[in-house]
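> Provided herewith is a single structure, encoded as structure tokens, for subsequent inquiry.
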2 protein chains.
Amino acid sequence: MTEISKTEFEVLEAIWQGHPASAQQIIERLNETKPWHEKTVKTLLNRMVKKEAINFEKVQRSYFYSPLFARDEYTFKESKSLIERMFSGRLSPLVSHFVKSDELTKDDISELKDLINQWEKDNG
Amino acid sequence: MTEISKTEFEVLEAIWQGHPASAQQIIERLNETKPWHEKTVKTLLNRMVKKEAINFEKVQRSYFYSPLFARDEYTFKESKSLIERMFSGRLSPLVSHFVKSDELTKDDISELKDLINQWEKDNG
DNA sequence: AAATATTGATTACAATTGTAGTCTTAACTA
DNA sequence: TAGTTAAGACTACAATTGTAATCAATATTT
């Protein structure tokens with residue numbers, strides 16, 4: 001899958017919310033938070049079709065778009081890429097940043113502990 | 001600080017390795033792993049000066065560059081940005097990905113546990 | 001049926017990015 | 001001192017990105 005820009009990602013988000021989705025639906029979903037011009041969104045949709053990030057089926061005059069990869073797949077790939085580039089592929093330096101900067105709540109810590117327990121159950 | 005591209009970040013890495021650093025030094029450091037043309041690196045240095053990501057002091061005919069922000073500061077900002085955009089600002093969904101995908105070693109888990117213990121000592 | 005509106009396709013256009021090449025000037029070398 | 005290097009400045013140029021406007025074809029509304 002080719003690179004997709006931050007803006008394109010936001011359009012993809014709207015598609016992941018539910019698909020196949022018409023351009024109109026996508027525009028409406030986006031406009032709940034972002035005042036993007038209809039033409040702008042359509043351009044982005046077009047570009048993503050060319051990049052094979054999404055495809056569409058034609059129904060009458062309208063197109064209904066669907067993603068060509070799952071949100072999880074994409075976010076994971078991006079996360080790995082960032083961690084690769086900035087932390088030599090190691091996760092803990094990133095987590096360390098958060099832990100030390102007081103960005104985490106008690107609940108966040110609980111979740112992390114659960115994840116670790118899970119890992120230890122599955123492995124270790 | 002303006003946006004800096006992935007390529008620019010790699011040049012910055014070379015500067016963070018030790019500074020002030022001359023263009024020559026930076027180019028040499030980079031060329032240990034990346035076959036970038038001298039002119040290319042100089043262009044990137046120039047752009048980063050304009051973006052105020054780095055500055056320089058002139059010594060004779062040469063420039064000696066220094067970063068205008070710390071590596072940690074930058075990587076943390078980028079990490080937060082990604083987590084904001086992809087995981088609604090929550091860290092654990094990202095960690096979850098890694099835990100579940102068998103990307104972590106025993107040592108990674110140990111480090112995470114230590115971080116959590118540290119947090120609990122400081123807070124909790 | 002004629003006018004209007006709606007869809008997508010095509011075109012636009014400046015800013016950024018990757019990747020250098022050329023120009024100018026100062027320094028070194030023969 | 002004249003020619004050659006080496007530094008940085010300036011220029012280049014296509015691809016991508018953000019942000020639409022215009023065009024063409026089809027529906028919908030009078």
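Labeling convention for the structure tokens: chains A, B, ... as they appear, residues from 1 per chain, ligands from 1 in order of appearance.
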Please give chain A as a short mmCIF file (atom, residue, chain, number, x, y, z; two decimals) with N, CA, C and O atoms, in the first residue's frame, after it has been superposed on chain B by least squares over all Cα atoms paired in order.

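The result, written out as out-v9.cif:
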```
data_model
loop_
_atom_site.label_atom_id
_atom_site.label_comp_id
_atom_site.auth_asym_id
_atom_site.auth_seq_id
_atom_site.Cartn_x
_atom_site.Cartn_y
_atom_site.Cartn_z
N MET A 1 7.97 24.80 16.49
CA MET A 1 8.86 24.23 15.46
C MET A 1 8.04 23.70 14.28
O MET A 1 7.04 23.00 14.44
N THR A 2 8.42 24.09 13.09
CA THR A 2 7.69 23.66 11.90
C THR A 2 7.81 22.15 11.72
O THR A 2 8.61 21.49 12.37
N GLU A 3 7.02 21.63 10.83
CA GLU A 3 7.09 20.21 10.50
C GLU A 3 8.45 19.88 9.91
O GLU A 3 8.99 20.63 9.11
N ILE A 4 8.99 18.76 10.28
CA ILE A 4 10.21 18.34 9.64
C ILE A 4 9.97 16.96 9.02
O ILE A 4 9.27 16.13 9.60
N SER A 5 10.48 16.79 7.83
CA SER A 5 10.19 15.55 7.08
C SER A 5 11.02 14.37 7.60
O SER A 5 11.98 14.55 8.35
N LYS A 6 10.66 13.20 7.17
CA LYS A 6 11.40 12.01 7.59
C LYS A 6 12.86 12.09 7.18
O LYS A 6 13.76 11.70 7.93
N THR A 7 13.09 12.57 6.00
CA THR A 7 14.47 12.69 5.52
C THR A 7 15.23 13.73 6.35
O THR A 7 16.37 13.51 6.74
N GLU A 8 14.58 14.84 6.61
CA GLU A 8 15.23 15.86 7.43
C GLU A 8 15.55 15.30 8.81
O GLU A 8 16.61 15.57 9.38
N PHE A 9 14.64 14.50 9.33
CA PHE A 9 14.87 13.88 10.63
C PHE A 9 16.16 13.05 10.62
O PHE A 9 16.93 13.08 11.59
N GLU A 10 16.40 12.38 9.53
CA GLU A 10 17.61 11.56 9.48
C GLU A 10 18.88 12.41 9.50
O GLU A 10 19.89 12.02 10.08
N VAL A 11 18.78 13.57 8.90
CA VAL A 11 19.93 14.47 8.96
C VAL A 11 20.09 14.99 10.38
O VAL A 11 21.20 15.06 10.92
N LEU A 12 18.97 15.30 10.99
CA LEU A 12 19.01 15.75 12.38
C LEU A 12 19.66 14.69 13.27
O LEU A 12 20.46 15.02 14.16
N GLU A 13 19.35 13.45 13.02
CA GLU A 13 19.95 12.37 13.79
C GLU A 13 21.47 12.47 13.76
O GLU A 13 22.14 12.33 14.78
N ALA A 14 21.98 12.73 12.58
CA ALA A 14 23.43 12.83 12.45
C ALA A 14 23.96 14.01 13.26
O ALA A 14 25.07 13.96 13.80
N ILE A 15 23.19 15.05 13.36
CA ILE A 15 23.63 16.21 14.13
C ILE A 15 23.56 15.92 15.62
O ILE A 15 24.46 16.25 16.38
N TRP A 16 22.48 15.25 16.02
CA TRP A 16 22.35 14.90 17.44
C TRP A 16 23.50 14.01 17.90
O TRP A 16 23.87 14.00 19.06
N GLN A 17 24.06 13.26 16.99
CA GLN A 17 25.20 12.40 17.35
C GLN A 17 26.34 13.18 17.97
O GLN A 17 27.15 12.63 18.72
N GLY A 18 26.41 14.47 17.66
CA GLY A 18 27.48 15.30 18.21
C GLY A 18 27.47 16.63 17.51
O GLY A 18 27.47 16.68 16.29
N HIS A 19 27.45 17.70 18.28
CA HIS A 19 27.37 19.02 17.67
C HIS A 19 28.07 20.04 18.53
O HIS A 19 28.30 19.77 19.72
N PRO A 20 28.39 21.18 17.98
CA PRO A 20 28.24 21.60 16.58
C PRO A 20 28.98 20.64 15.64
O PRO A 20 30.05 20.13 16.00
N ALA A 21 28.39 20.42 14.49
CA ALA A 21 29.00 19.53 13.51
C ALA A 21 29.05 20.23 12.15
O ALA A 21 28.08 20.87 11.74
N SER A 22 30.16 20.09 11.50
CA SER A 22 30.30 20.70 10.17
C SER A 22 29.50 19.91 9.16
O SER A 22 29.18 18.73 9.38
N ALA A 23 29.20 20.54 8.05
CA ALA A 23 28.49 19.85 6.98
C ALA A 23 29.25 18.57 6.62
O ALA A 23 28.65 17.51 6.47
N GLN A 24 30.55 18.70 6.52
CA GLN A 24 31.36 17.53 6.18
C GLN A 24 31.16 16.38 7.17
O GLN A 24 30.94 15.24 6.78
N GLN A 25 31.23 16.71 8.44
CA GLN A 25 31.05 15.66 9.45
C GLN A 25 29.68 15.02 9.34
O GLN A 25 29.53 13.80 9.40
N ILE A 26 28.70 15.86 9.15
CA ILE A 26 27.32 15.36 9.04
C ILE A 26 27.19 14.43 7.84
O ILE A 26 26.62 13.35 7.92
N ILE A 27 27.76 14.87 6.74
CA ILE A 27 27.71 14.04 5.53
C ILE A 27 28.40 12.70 5.76
O ILE A 27 27.89 11.64 5.39
N GLU A 28 29.55 12.76 6.41
CA GLU A 28 30.26 11.50 6.67
C GLU A 28 29.46 10.57 7.57
O GLU A 28 29.36 9.37 7.31
N ARG A 29 28.90 11.14 8.61
CA ARG A 29 28.09 10.30 9.51
C ARG A 29 26.95 9.66 8.74
O ARG A 29 26.67 8.46 8.89
N LEU A 30 26.29 10.44 7.94
CA LEU A 30 25.16 9.91 7.18
C LEU A 30 25.61 8.82 6.21
O LEU A 30 24.95 7.80 6.06
N ASN A 31 26.74 9.09 5.58
CA ASN A 31 27.18 8.15 4.55
C ASN A 31 27.62 6.79 5.08
O ASN A 31 27.86 5.87 4.30
N GLU A 32 27.69 6.67 6.39
CA GLU A 32 27.98 5.35 6.92
C GLU A 32 26.81 4.40 6.63
O GLU A 32 26.99 3.20 6.53
N THR A 33 25.66 4.97 6.54
CA THR A 33 24.51 4.10 6.26
C THR A 33 23.72 4.49 5.02
O THR A 33 23.07 3.66 4.42
N LYS A 34 23.78 5.77 4.66
CA LYS A 34 22.95 6.21 3.55
C LYS A 34 23.78 6.91 2.48
O LYS A 34 24.53 7.82 2.78
N PRO A 35 23.63 6.48 1.26
CA PRO A 35 24.43 7.03 0.18
C PRO A 35 23.83 8.32 -0.38
O PRO A 35 23.46 8.38 -1.53
N TRP A 36 23.78 9.33 0.49
CA TRP A 36 23.20 10.57 0.02
C TRP A 36 24.26 11.48 -0.56
O TRP A 36 25.35 11.63 0.00
N HIS A 37 23.88 12.13 -1.59
CA HIS A 37 24.78 13.06 -2.25
C HIS A 37 25.02 14.27 -1.34
O HIS A 37 24.11 14.77 -0.70
N GLU A 38 26.25 14.69 -1.34
CA GLU A 38 26.64 15.87 -0.55
C GLU A 38 25.68 17.04 -0.76
O GLU A 38 25.23 17.69 0.19
N LYS A 39 25.35 17.30 -2.01
CA LYS A 39 24.46 18.43 -2.32
C LYS A 39 23.09 18.26 -1.69
O LYS A 39 22.46 19.21 -1.26
N THR A 40 22.66 17.04 -1.68
CA THR A 40 21.36 16.74 -1.09
C THR A 40 21.36 17.07 0.40
O THR A 40 20.46 17.75 0.91
N VAL A 41 22.39 16.61 1.07
CA VAL A 41 22.48 16.88 2.51
C VAL A 41 22.54 18.38 2.78
O VAL A 41 21.87 18.90 3.66
N LYS A 42 23.32 19.08 1.97
CA LYS A 42 23.42 20.53 2.19
C LYS A 42 22.08 21.22 1.99
O LYS A 42 21.74 22.16 2.72
N THR A 43 21.36 20.78 1.00
CA THR A 43 20.03 21.35 0.79
C THR A 43 19.17 21.13 2.03
O THR A 43 18.49 22.05 2.50
N LEU A 44 19.23 19.91 2.55
CA LEU A 44 18.43 19.61 3.74
C LEU A 44 18.86 20.46 4.93
O LEU A 44 18.02 20.96 5.69
N LEU A 45 20.16 20.64 5.07
CA LEU A 45 20.64 21.47 6.16
C LEU A 45 20.09 22.89 6.03
O LEU A 45 19.58 23.47 6.99
N ASN A 46 20.20 23.40 4.82
CA ASN A 46 19.66 24.74 4.57
C ASN A 46 18.20 24.86 4.92
O ASN A 46 17.77 25.82 5.56
N ARG A 47 17.44 23.91 4.47
CA ARG A 47 16.00 23.96 4.74
C ARG A 47 15.73 23.92 6.23
O ARG A 47 14.85 24.61 6.74
N MET A 48 16.48 23.11 6.93
CA MET A 48 16.24 23.02 8.37
C MET A 48 16.66 24.29 9.10
O MET A 48 16.08 24.63 10.12
N VAL A 49 17.63 24.97 8.57
CA VAL A 49 17.98 26.26 9.15
C VAL A 49 16.81 27.23 8.97
O VAL A 49 16.38 27.90 9.91
N LYS A 50 16.26 27.24 7.77
CA LYS A 50 15.11 28.13 7.52
C LYS A 50 13.92 27.78 8.40
O LYS A 50 13.19 28.65 8.85
N LYS A 51 13.75 26.48 8.63
CA LYS A 51 12.64 26.05 9.48
C LYS A 51 12.93 26.25 10.95
O LYS A 51 12.13 25.87 11.79
N GLU A 52 14.13 26.71 11.24
CA GLU A 52 14.57 26.88 12.62
C GLU A 52 14.54 25.57 13.40
O GLU A 52 14.13 25.53 14.56
N ALA A 53 14.99 24.52 12.74
CA ALA A 53 15.15 23.25 13.43
C ALA A 53 16.60 23.15 13.89
O ALA A 53 16.92 22.47 14.85
N ILE A 54 17.48 23.83 13.18
CA ILE A 54 18.90 23.86 13.53
C ILE A 54 19.42 25.28 13.29
O ILE A 54 18.75 26.09 12.67
N ASN A 55 20.59 25.55 13.82
CA ASN A 55 21.26 26.81 13.48
C ASN A 55 22.73 26.50 13.24
O ASN A 55 23.14 25.34 13.26
N PHE A 56 23.52 27.52 12.99
CA PHE A 56 24.93 27.25 12.73
C PHE A 56 25.79 28.43 13.16
O PHE A 56 25.31 29.55 13.32
N GLU A 57 27.06 28.13 13.35
CA GLU A 57 28.02 29.19 13.58
C GLU A 57 29.05 29.04 12.47
O GLU A 57 29.42 27.94 12.10
N LYS A 58 29.50 30.17 12.02
CA LYS A 58 30.44 30.17 10.92
C LYS A 58 31.86 30.14 11.49
O LYS A 58 32.20 30.90 12.39
N VAL A 59 32.65 29.23 10.98
CA VAL A 59 34.05 29.18 11.38
C VAL A 59 34.83 29.17 10.09
O VAL A 59 34.77 28.19 9.33
N GLN A 60 35.51 30.20 9.81
CA GLN A 60 36.19 30.35 8.53
C GLN A 60 35.13 30.29 7.43
O GLN A 60 34.15 31.01 7.52
N ARG A 61 35.38 29.36 6.51
CA ARG A 61 34.41 29.25 5.43
C ARG A 61 33.30 28.25 5.74
O ARG A 61 32.33 28.16 5.01
N SER A 62 33.47 27.49 6.81
CA SER A 62 32.53 26.40 7.08
C SER A 62 31.47 26.76 8.11
O SER A 62 31.66 27.65 8.94
N TYR A 63 30.41 26.03 8.06
CA TYR A 63 29.34 26.20 9.05
C TYR A 63 29.36 25.00 9.97
O TYR A 63 29.58 23.88 9.56
N PHE A 64 29.08 25.26 11.24
CA PHE A 64 28.95 24.19 12.22
C PHE A 64 27.54 24.24 12.76
O PHE A 64 27.13 25.24 13.36
N TYR A 65 26.85 23.16 12.52
CA TYR A 65 25.41 23.12 12.83
C TYR A 65 25.11 22.51 14.20
O TYR A 65 25.82 21.63 14.67
N SER A 66 24.03 23.02 14.79
CA SER A 66 23.53 22.47 16.05
C SER A 66 22.01 22.39 15.99
O SER A 66 21.38 23.22 15.34
N PRO A 67 21.45 21.42 16.69
CA PRO A 67 19.99 21.30 16.73
C PRO A 67 19.40 22.38 17.62
O PRO A 67 20.07 22.86 18.54
N LEU A 68 18.19 22.76 17.34
CA LEU A 68 17.53 23.76 18.18
C LEU A 68 16.53 23.13 19.14
O LEU A 68 15.82 23.83 19.86
N PHE A 69 16.48 21.81 19.13
CA PHE A 69 15.66 21.11 20.12
C PHE A 69 16.25 19.73 20.31
O PHE A 69 16.95 19.21 19.45
N ALA A 70 15.97 19.16 21.45
CA ALA A 70 16.53 17.85 21.80
C ALA A 70 15.80 16.74 21.07
O ALA A 70 14.63 16.86 20.72
N ARG A 71 16.54 15.68 20.85
CA ARG A 71 15.97 14.50 20.20
C ARG A 71 14.75 14.01 20.97
O ARG A 71 13.71 13.74 20.39
N ASP A 72 14.88 13.91 22.27
CA ASP A 72 13.77 13.45 23.10
C ASP A 72 12.53 14.30 22.93
O ASP A 72 11.41 13.79 22.85
N GLU A 73 12.76 15.56 22.94
CA GLU A 73 11.64 16.48 22.80
C GLU A 73 10.89 16.19 21.51
O GLU A 73 9.66 16.07 21.48
N TYR A 74 11.65 16.03 20.45
CA TYR A 74 11.03 15.80 19.16
C TYR A 74 10.34 14.44 19.06
O TYR A 74 9.19 14.34 18.63
N THR A 75 11.03 13.40 19.47
CA THR A 75 10.42 12.06 19.34
C THR A 75 9.17 11.94 20.21
O THR A 75 8.21 11.28 19.83
N PHE A 76 9.21 12.59 21.34
CA PHE A 76 8.04 12.53 22.21
C PHE A 76 6.86 13.25 21.56
O PHE A 76 5.73 12.75 21.53
N LYS A 77 7.15 14.41 21.01
CA LYS A 77 6.10 15.18 20.36
C LYS A 77 5.50 14.35 19.21
O LYS A 77 4.28 14.27 19.06
N GLU A 78 6.33 13.73 18.42
CA GLU A 78 5.85 12.94 17.30
C GLU A 78 5.05 11.73 17.77
O GLU A 78 4.04 11.36 17.19
N SER A 79 5.54 11.10 18.84
CA SER A 79 4.83 9.94 19.37
C SER A 79 3.45 10.35 19.85
O SER A 79 2.45 9.68 19.55
N LYS A 80 3.40 11.44 20.58
CA LYS A 80 2.10 11.90 21.06
C LYS A 80 1.17 12.20 19.91
O LYS A 80 -0.01 11.87 19.93
N SER A 81 1.72 12.83 18.89
CA SER A 81 0.90 13.18 17.73
C SER A 81 0.32 11.93 17.08
O SER A 81 -0.88 11.87 16.78
N LEU A 82 1.15 10.92 16.89
CA LEU A 82 0.64 9.69 16.28
C LEU A 82 -0.42 9.03 17.16
O LEU A 82 -1.47 8.60 16.68
N ILE A 83 -0.14 8.99 18.44
CA ILE A 83 -1.09 8.35 19.35
C ILE A 83 -2.40 9.14 19.40
O ILE A 83 -3.49 8.57 19.49
N GLU A 84 -2.27 10.42 19.30
CA GLU A 84 -3.46 11.26 19.25
C GLU A 84 -4.29 10.93 18.01
O GLU A 84 -5.49 10.68 18.08
N ARG A 85 -3.61 10.93 16.87
CA ARG A 85 -4.31 10.73 15.61
C ARG A 85 -4.88 9.32 15.43
O ARG A 85 -5.96 9.15 14.91
N MET A 86 -4.14 8.31 15.87
CA MET A 86 -4.58 6.96 15.60
C MET A 86 -5.27 6.25 16.75
O MET A 86 -6.00 5.30 16.52
N PHE A 87 -4.99 6.68 17.97
CA PHE A 87 -5.55 5.95 19.11
C PHE A 87 -6.26 6.86 20.10
O PHE A 87 -6.28 6.59 21.30
N SER A 88 -6.80 7.95 19.62
CA SER A 88 -7.52 8.89 20.49
C SER A 88 -6.71 9.29 21.70
O SER A 88 -7.26 9.53 22.77
N GLY A 89 -5.43 9.33 21.53
CA GLY A 89 -4.57 9.77 22.62
C GLY A 89 -4.26 8.72 23.67
O GLY A 89 -3.58 9.01 24.64
N ARG A 90 -4.77 7.51 23.46
CA ARG A 90 -4.53 6.47 24.46
C ARG A 90 -3.30 5.64 24.09
O ARG A 90 -3.18 5.16 22.97
N LEU A 91 -2.46 5.40 25.08
CA LEU A 91 -1.24 4.63 24.82
C LEU A 91 -1.51 3.13 24.69
O LEU A 91 -0.92 2.45 23.86
N SER A 92 -2.41 2.62 25.52
CA SER A 92 -2.53 1.16 25.58
C SER A 92 -2.97 0.49 24.27
O SER A 92 -2.50 -0.62 24.00
N PRO A 93 -3.80 1.10 23.46
CA PRO A 93 -4.11 0.42 22.19
C PRO A 93 -2.86 0.17 21.36
O PRO A 93 -2.73 -0.86 20.70
N LEU A 94 -1.95 1.08 21.43
CA LEU A 94 -0.70 0.89 20.69
C LEU A 94 0.09 -0.26 21.30
O LEU A 94 0.53 -1.18 20.61
N VAL A 95 0.26 -0.21 22.60
CA VAL A 95 1.01 -1.27 23.27
C VAL A 95 0.33 -2.62 23.02
O VAL A 95 0.99 -3.63 22.75
N SER A 96 -0.97 -2.59 23.06
CA SER A 96 -1.74 -3.80 22.83
C SER A 96 -1.39 -4.47 21.50
O SER A 96 -1.19 -5.68 21.43
N HIS A 97 -1.31 -3.65 20.49
CA HIS A 97 -0.90 -4.14 19.18
C HIS A 97 0.39 -4.96 19.27
O HIS A 97 0.50 -6.05 18.76
N PHE A 98 1.35 -4.36 19.94
CA PHE A 98 2.66 -5.00 20.04
C PHE A 98 2.61 -6.27 20.86
O PHE A 98 3.19 -7.29 20.50
N VAL A 99 1.95 -6.18 21.97
CA VAL A 99 1.85 -7.34 22.84
C VAL A 99 1.21 -8.51 22.08
O VAL A 99 1.70 -9.63 22.10
N LYS A 100 0.14 -8.21 21.40
CA LYS A 100 -0.61 -9.29 20.75
C LYS A 100 0.05 -9.83 19.50
O LYS A 100 -0.25 -10.94 19.07
N SER A 101 0.93 -9.04 18.93
CA SER A 101 1.49 -9.48 17.66
C SER A 101 2.83 -10.17 17.83
O SER A 101 3.56 -10.35 16.88
N ASP A 102 3.12 -10.51 19.07
CA ASP A 102 4.32 -11.29 19.27
C ASP A 102 5.57 -10.53 18.87
O ASP A 102 6.53 -11.11 18.37
N GLU A 103 5.53 -9.22 19.08
CA GLU A 103 6.67 -8.39 18.69
C GLU A 103 7.61 -8.19 19.88
O GLU A 103 8.66 -7.60 19.75
N LEU A 104 7.17 -8.61 21.05
CA LEU A 104 7.94 -8.29 22.24
C LEU A 104 8.71 -9.49 22.79
O LEU A 104 8.23 -10.63 22.71
N THR A 105 9.86 -9.18 23.34
CA THR A 105 10.67 -10.23 23.96
C THR A 105 10.46 -10.19 25.48
O THR A 105 9.86 -9.23 26.01
N LYS A 106 10.98 -11.18 26.13
CA LYS A 106 10.96 -11.22 27.59
C LYS A 106 11.57 -9.94 28.17
O LYS A 106 11.05 -9.35 29.12
N ASP A 107 12.65 -9.50 27.56
CA ASP A 107 13.30 -8.28 28.04
C ASP A 107 12.43 -7.06 27.87
O ASP A 107 12.38 -6.17 28.73
N ASP A 108 11.77 -6.98 26.75
CA ASP A 108 10.87 -5.85 26.54
C ASP A 108 9.83 -5.81 27.65
O ASP A 108 9.55 -4.76 28.23
N ILE A 109 9.27 -6.98 27.93
CA ILE A 109 8.25 -7.04 28.97
C ILE A 109 8.81 -6.63 30.33
O ILE A 109 8.19 -5.87 31.07
N SER A 110 10.02 -7.07 30.59
CA SER A 110 10.66 -6.67 31.85
C SER A 110 10.77 -5.16 31.94
O SER A 110 10.46 -4.56 32.98
N GLU A 111 11.16 -4.57 30.87
CA GLU A 111 11.31 -3.12 30.88
C GLU A 111 9.98 -2.43 31.11
O GLU A 111 9.89 -1.46 31.86
N LEU A 112 8.97 -2.94 30.46
CA LEU A 112 7.66 -2.35 30.66
C LEU A 112 7.22 -2.48 32.12
O LEU A 112 6.70 -1.54 32.72
N LYS A 113 7.48 -3.65 32.69
CA LYS A 113 7.11 -3.84 34.10
C LYS A 113 7.87 -2.86 35.00
O LYS A 113 7.29 -2.29 35.93
N ASP A 114 9.12 -2.68 34.69
CA ASP A 114 9.91 -1.74 35.49
C ASP A 114 9.32 -0.34 35.41
O ASP A 114 9.24 0.40 36.40
N LEU A 115 8.94 0.02 34.20
CA LEU A 115 8.38 1.36 34.02
C LEU A 115 7.10 1.52 34.84
O LEU A 115 6.88 2.55 35.48
N ILE A 116 6.29 0.46 34.82
CA ILE A 116 5.04 0.53 35.57
C ILE A 116 5.32 0.60 37.07
O ILE A 116 4.72 1.39 37.79
N ASN A 117 6.27 -0.18 37.53
CA ASN A 117 6.62 -0.12 38.95
C ASN A 117 7.09 1.27 39.34
O ASN A 117 6.72 1.80 40.38
N GLN A 118 7.86 1.82 38.45
CA GLN A 118 8.35 3.17 38.71
C GLN A 118 7.18 4.14 38.85
O GLN A 118 7.11 4.94 39.79
N TRP A 119 6.26 4.01 37.89
CA TRP A 119 5.10 4.91 37.93
C TRP A 119 4.35 4.73 39.25
O TRP A 119 3.97 5.69 39.91
N GLU A 120 4.17 3.46 39.67
CA GLU A 120 3.40 3.21 40.89
C GLU A 120 4.12 3.71 42.13
O GLU A 120 3.49 4.12 43.09
N LYS A 121 5.42 3.69 42.05
CA LYS A 121 6.17 4.23 43.18
C LYS A 121 5.98 5.75 43.25
O LYS A 121 5.70 6.32 44.29
N ASP A 122 6.08 6.37 42.08
CA ASP A 122 5.97 7.83 42.03
C ASP A 122 4.55 8.33 42.30
O ASP A 122 4.34 9.36 42.92
N ASN A 123 3.59 7.57 41.78
CA ASN A 123 2.21 7.98 41.97
C ASN A 123 1.52 7.01 42.91
O ASN A 123 2.01 6.74 43.97
N GLY A 124 0.36 6.51 42.47
CA GLY A 124 -0.42 5.48 43.17
C GLY A 124 -0.24 5.26 44.62
O GLY A 124 0.21 5.70 45.51
#
```
> Between chain D and chain B, at 12 Å or less, what are the per-residue closest atom pairs and their distances in Å? Count only C-alpha atoms (C1' of nucleotides), order by chain and rising residue number, and return it as CSV.

```
residue,atom,partner,partner_atom,distance
D:DA6,C1',B:Arg61,CA,9.4
D:DA7,C1',B:Arg61,CA,6.2
D:DG8,C1',B:Ser62,CA,8.0
D:DA9,C1',B:Asn46,CA,9.7
D:DC10,C1',B:Thr43,CA,10.6
D:DT11,C1',B:Thr43,CA,11.7
```
> Put those residues in a file: N, CA and C atoms (P, O5', C5', C4', C3', O3' and C1' of nucleotides), as an mmCIF file, in the first residue's frame.

```cif
data_model
loop_
_atom_site.group_PDB
_atom_site.id
_atom_site.type_symbol
_atom_site.label_atom_id
_atom_site.label_comp_id
_atom_site.auth_asym_id
_atom_site.auth_seq_id
_atom_site.Cartn_x
_atom_site.Cartn_y
_atom_site.Cartn_z
ATOM 1 P P DA D 6 38.669 19.409 -2.946
ATOM 2 O "O5'" DA D 6 37.893 20.394 -1.974
ATOM 3 C "C5'" DA D 6 38.589 21.387 -1.230
ATOM 4 C "C4'" DA D 6 37.556 22.310 -0.624
ATOM 5 C "C3'" DA D 6 36.239 21.637 -0.219
ATOM 6 O "O3'" DA D 6 35.877 22.200 1.039
ATOM 7 C "C1'" DA D 6 35.783 23.411 -1.691
ATOM 8 P P DA D 7 34.781 21.520 1.939
ATOM 9 O "O5'" DA D 7 34.070 22.784 2.567
ATOM 10 C "C5'" DA D 7 34.144 23.990 1.874
ATOM 11 C "C4'" DA D 7 33.259 25.043 2.477
ATOM 12 C "C3'" DA D 7 31.846 24.558 2.815
ATOM 13 O "O3'" DA D 7 31.296 25.189 3.957
ATOM 14 C "C1'" DA D 7 31.827 25.972 0.883
ATOM 15 P P DG D 8 29.843 24.721 4.347
ATOM 16 O "O5'" DG D 8 28.963 25.823 3.627
ATOM 17 C "C5'" DG D 8 29.224 27.184 3.901
ATOM 18 C "C4'" DG D 8 28.514 28.069 2.891
ATOM 19 C "C3'" DG D 8 26.986 27.978 2.915
ATOM 20 O "O3'" DG D 8 26.486 29.302 2.836
ATOM 21 C "C1'" DG D 8 27.772 27.612 0.727
ATOM 22 P P DA D 9 24.950 29.616 2.713
ATOM 23 O "O5'" DA D 9 24.824 30.000 1.156
ATOM 24 C "C5'" DA D 9 25.481 31.178 0.687
ATOM 25 C "C4'" DA D 9 24.825 31.640 -0.606
ATOM 26 C "C3'" DA D 9 23.310 31.739 -0.569
ATOM 27 O "O3'" DA D 9 22.945 32.895 -1.334
ATOM 28 C "C1'" DA D 9 23.955 30.115 -2.193
ATOM 29 P P DC D 10 21.410 33.241 -1.627
ATOM 30 O "O5'" DC D 10 21.160 32.508 -3.029
ATOM 31 C "C5'" DC D 10 22.085 32.728 -4.105
ATOM 32 C "C4'" DC D 10 21.601 31.964 -5.331
ATOM 33 C "C3'" DC D 10 20.087 31.973 -5.531
ATOM 34 O "O3'" DC D 10 19.856 32.343 -6.891
ATOM 35 C "C1'" DC D 10 20.893 29.756 -5.617
ATOM 36 P P DT D 11 18.410 32.264 -7.610
ATOM 37 O "O5'" DT D 11 18.452 30.834 -8.324
ATOM 38 C "C5'" DT D 11 19.457 30.566 -9.296
ATOM 39 C "C4'" DT D 11 19.132 29.252 -9.977
ATOM 40 C "C3'" DT D 11 17.671 29.102 -10.414
ATOM 41 O "O3'" DT D 11 17.683 28.658 -11.761
ATOM 42 C "C1'" DT D 11 18.329 27.240 -9.103
#
```
> For a quick test of understanding: name the residues of chain C lying within 8 Å of chain B when counting only C-alpha atoms (C1' of nucleotides), and present them as a list of chain:residue names.
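Every residue of chain C that passes the 8 Å test is in C:DT17, C:DT19, C:DA20, C:DA26.
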> Would you output that residue set with N, CA and C atoms (P, O5', C5', C4', C3', O3' and C1' of nucleotides), as a CSV table (one decimal), in the first residue's frame?

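Result file result-v8.csv:
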```csv
chain,number,residue,atom,x,y,z
C,17,DT,P,8.0,19.4,4.1
C,17,DT,O5',8.6,18.4,3.0
C,17,DT,C5',7.7,17.5,2.4
C,17,DT,C4',8.5,16.7,1.4
C,17,DT,C3',10.0,16.4,1.7
C,17,DT,O3',10.1,15.0,1.7
C,17,DT,C1',9.8,17.1,-0.5
C,19,DT,P,15.4,10.7,-2.1
C,19,DT,O5',16.3,11.5,-3.2
C,19,DT,C5',15.8,11.6,-4.5
C,19,DT,C4',16.7,12.6,-5.2
C,19,DT,C3',18.2,12.6,-4.8
C,19,DT,O3',19.1,12.2,-5.8
C,19,DT,C1',17.3,14.8,-5.2
C,20,DA,P,20.7,12.1,-5.4
C,20,DA,O5',21.2,13.6,-5.0
C,20,DA,C5',22.1,14.3,-5.8
C,20,DA,C4',21.5,15.0,-7.0
C,20,DA,C3',22.6,15.8,-7.7
C,20,DA,O3',22.6,15.6,-9.0
C,20,DA,C1',20.6,17.1,-7.1
C,26,DA,P,35.2,36.5,-1.5
C,26,DA,O5',35.9,35.6,-0.4
C,26,DA,C5',35.2,34.6,0.3
C,26,DA,C4',36.0,33.4,0.5
C,26,DA,C3',37.4,33.7,0.9
C,26,DA,O3',37.8,32.8,1.9
C,26,DA,C1',37.3,32.2,-1.0
```
> Can you pull out the residues contacting DA15 (chain C)? Cut-off 12 Å, using only C-alpha atoms (C1' of nucleotides), and skip same-chain residues under 5 positions away; I want them as a list in words.
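My reading of the contact set: DT16, DT17, DG18 and DT19 of chain D.
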